[in-house]
Amino acid sequence: MVQSIGAVLLLLASPAVSFQSAFLGRQQKQRRSNGSQLCMKTIAVIGASGLTASECVYQALNNGDNVVGLTRNPAKLVIPKGSGGGSAGGPLTDEKLTLIGGDVTKMEDVEKVFEAGEIDGVIVALGGKTSDVGDTMLTTGTSNVIEAMKAKGVKRLAVITSIGTGDSENQAPFFFKVLMYTAMKKIFVDKNNQEKVVQASGLDYCIVRPGGLTVDPPTGIINVIDGESGSIARADVAEFCLDAITMEDFPYIGKTPCISSVGGTSWVKDRSAKARGEEA
């Protein structure tokens with residue numbers, strides 16, 4: 001289902017607010033010396049083998065963080081296409097990675113994540129067809145994660161949902177809206193309920209609503225948009241989520257930003273080194 005959403009939404013967007021990401025693992029030392037950066041120990045990624053979730057895992061490891069991942073299919077976790085370059089598709093293994101095979105709808109499996117280390121922040125990047133995972137997997141699974149976080153005193157949470165959820169309905173392109181009320185109706189009921197659970201959690205959350213997802217290399221350009229959504233690389237979504245749980249003064253805590261790398265019909269992506277964070 002996540003792939004389907006991404007394919008539909010490869011469209012142009014309306015004017016946006018630019019978000020300056022702390023992007024790229026090779027800038028790890030610079031990020032860690034930033035006073036606004038939380039001192040992280042371990043990041044949990046729920047749904048770790050998914051296309052966007054694997055970007056979160058890969059980038060977090062490159063940033064020097066420990067990662068505990070939960071996935072139904074550990075063997076499917078591979079180096080992502082976007083950030084992985086020539087290594088994409090190879091096994092994603094690292095001494096800082098603990099991978100747990102389990103079902104997010106089962107509390108005992110979720111608890112294993114929080115028993116594996118002192119978790120400092122959580123990214124929920126769940127996906128899948130409702131015919132495979134059930135009609136309420138997102139809501140039930142996220143509720144379990146929240147309960148486990150509270151039991152361990154973990155506060156930072158980033159949850160990836162979609163453009164079109166909650167009050168972003170009118171930011172979805174027309175043809176995507178049609179799908180939201182037809183072929184994707186069940187998954188959007190679950191996504192909307194998932195968001196409600198997060199908003200009522202009392203945690204320091206950020207609900208991330210990306211536009212059309214691609215597996216392109218990261219651009220380092222992340223726009224928080226008010227108008228119609230465009231496309232964004234999964235690698236850029238992952239970096240936004242990592243910033244949400246590592247930046248002490250992250251500006252979208254308690255909010256539901258819609259993000260895109262496209263900022264208007266006449267806007268051209270800046271693919272320069274500076275835009276990628278490779279120059280001061």
# chains A, B, ... in the order shown; residues from 1 in each chain; ligands from 1

$ residues_around --residues "range 200-214 of chain A" --least-positions-apart "5" --cutoff "9 Å" --atoms "only C-alpha atoms" --output "VMD selection string"
chain A and resid 2 to 3 5 to 11 52 82 143 146 to 147 149 to 150 154 to 165 168 172 195 228 to 235 237 240 to 241 244 to 245 252 to 261

$ write_last_selection --atoms "C-alpha atoms" --output "mmCIF file, in the first residue's frame"
data_model
loop_
_atom_site.group_PDB
_atom_site.id
_atom_site.type_symbol
_atom_site.label_atom_id
_atom_site.label_comp_id
_atom_site.auth_asym_id
_atom_site.auth_seq_id
_atom_site.Cartn_x
_atom_site.Cartn_y
_atom_site.Cartn_z
ATOM 1 C CA VAL A 2 2.834 2.409 0.724
ATOM 2 C CA GLN A 3 4.206 1.790 -2.754
ATOM 3 C CA ILE A 5 0.504 5.813 -2.415
ATOM 4 C CA GLY A 6 3.914 6.818 -3.688
ATOM 5 C CA ALA A 7 3.096 5.987 -7.286
ATOM 6 C CA VAL A 8 -0.105 8.014 -7.293
ATOM 7 C CA LEU A 9 1.379 11.156 -5.766
ATOM 8 C CA LEU A 10 4.235 11.986 -8.145
ATOM 9 C CA LEU A 11 2.745 15.397 -8.819
ATOM 10 C CA THR A 52 11.160 4.076 4.199
ATOM 11 C CA GLY A 82 17.994 5.835 -2.089
ATOM 12 C CA SER A 143 -1.106 1.810 20.423
ATOM 13 C CA ILE A 146 2.893 4.026 22.761
ATOM 14 C CA GLU A 147 2.038 1.860 25.767
ATOM 15 C CA MET A 149 7.111 3.820 25.441
ATOM 16 C CA LYS A 150 5.176 5.122 28.420
ATOM 17 C CA VAL A 154 10.432 7.204 26.326
ATOM 18 C CA LYS A 155 9.016 10.490 25.009
ATOM 19 C CA ARG A 156 10.115 11.150 21.401
ATOM 20 C CA LEU A 157 8.003 9.593 18.655
ATOM 21 C CA ALA A 158 7.838 10.087 14.890
ATOM 22 C CA VAL A 159 5.029 8.352 13.016
ATOM 23 C CA ILE A 160 4.878 8.215 9.221
ATOM 24 C CA THR A 161 1.342 8.283 7.834
ATOM 25 C CA SER A 162 0.370 9.919 4.515
ATOM 26 C CA ILE A 163 -0.811 13.029 2.786
ATOM 27 C CA GLY A 164 -4.613 12.983 2.871
ATOM 28 C CA THR A 165 -4.961 11.915 6.488
ATOM 29 C CA SER A 168 -4.602 17.270 5.148
ATOM 30 C CA ALA A 172 -4.063 15.402 -1.642
ATOM 31 C CA GLU A 195 -3.086 9.504 14.046
ATOM 32 C CA GLU A 228 -1.182 20.350 -2.706
ATOM 33 C CA SER A 229 1.421 17.686 -2.157
ATOM 34 C CA GLY A 230 4.207 16.703 -4.531
ATOM 35 C CA SER A 231 6.859 13.989 -4.400
ATOM 36 C CA ILE A 232 9.679 13.307 -1.960
ATOM 37 C CA ALA A 233 12.422 10.703 -1.700
ATOM 38 C CA ARG A 234 12.025 8.155 1.071
ATOM 39 C CA ALA A 235 15.586 8.993 2.082
ATOM 40 C CA VAL A 237 11.495 11.431 4.754
ATOM 41 C CA PHE A 240 13.125 14.317 8.691
ATOM 42 C CA CYS A 241 11.962 11.569 11.039
ATOM 43 C CA ALA A 244 12.230 14.698 14.812
ATOM 44 C CA ILE A 245 13.542 12.343 17.472
ATOM 45 C CA TYR A 252 7.271 20.278 14.561
ATOM 46 C CA ILE A 253 6.810 18.473 17.867
ATOM 47 C CA GLY A 254 3.102 18.047 18.532
ATOM 48 C CA LYS A 255 2.352 18.827 14.884
ATOM 49 C CA THR A 256 1.408 17.009 11.678
ATOM 50 C CA PRO A 257 3.605 18.422 8.895
ATOM 51 C CA CYS A 258 3.010 17.489 5.266
ATOM 52 C CA ILE A 259 6.366 17.225 3.547
ATOM 53 C CA SER A 260 7.459 17.295 -0.078
ATOM 54 C CA SER A 261 10.574 18.093 -2.065
#

$ select_by_dssp --residues "range 107-263 of chain A" --states "alpha helix (DSSP H)" --output "VMD selection string"
chain A and resid 107 to 115 130 to 133 137 to 152 174 to 180 185 to 199 234 to 246

$ residues_around --residues "Phe188 in chain A" --least-positions-apart "3" --cutoff "12 Å" --atoms "only C-alpha atoms" --output "VMD selection string"
chain A and resid 1 to 2 5 127 129 to 130 135 to 139 161 to 166 169 176 to 185 191 to 195

$ residues_around --residues "Leu70 in chain A" --least-positions-apart "5" --cutoff "12 Å" --atoms "only C-alpha atoms" --output "ChimeraX atom specification"
/A:43-50,53-54,57,75-77,97-106,108-114,116,122-126,141,145

$ atom_distance --atom1 "CA of Asn223 in chain A" --atom2 "CA of Gly69 in chain A"
27.5 Å

$ atom_distance --atom1 "CA of Gly128 in chain A" --atom2 "CA of Glu55 in chain A"
16.6 Å
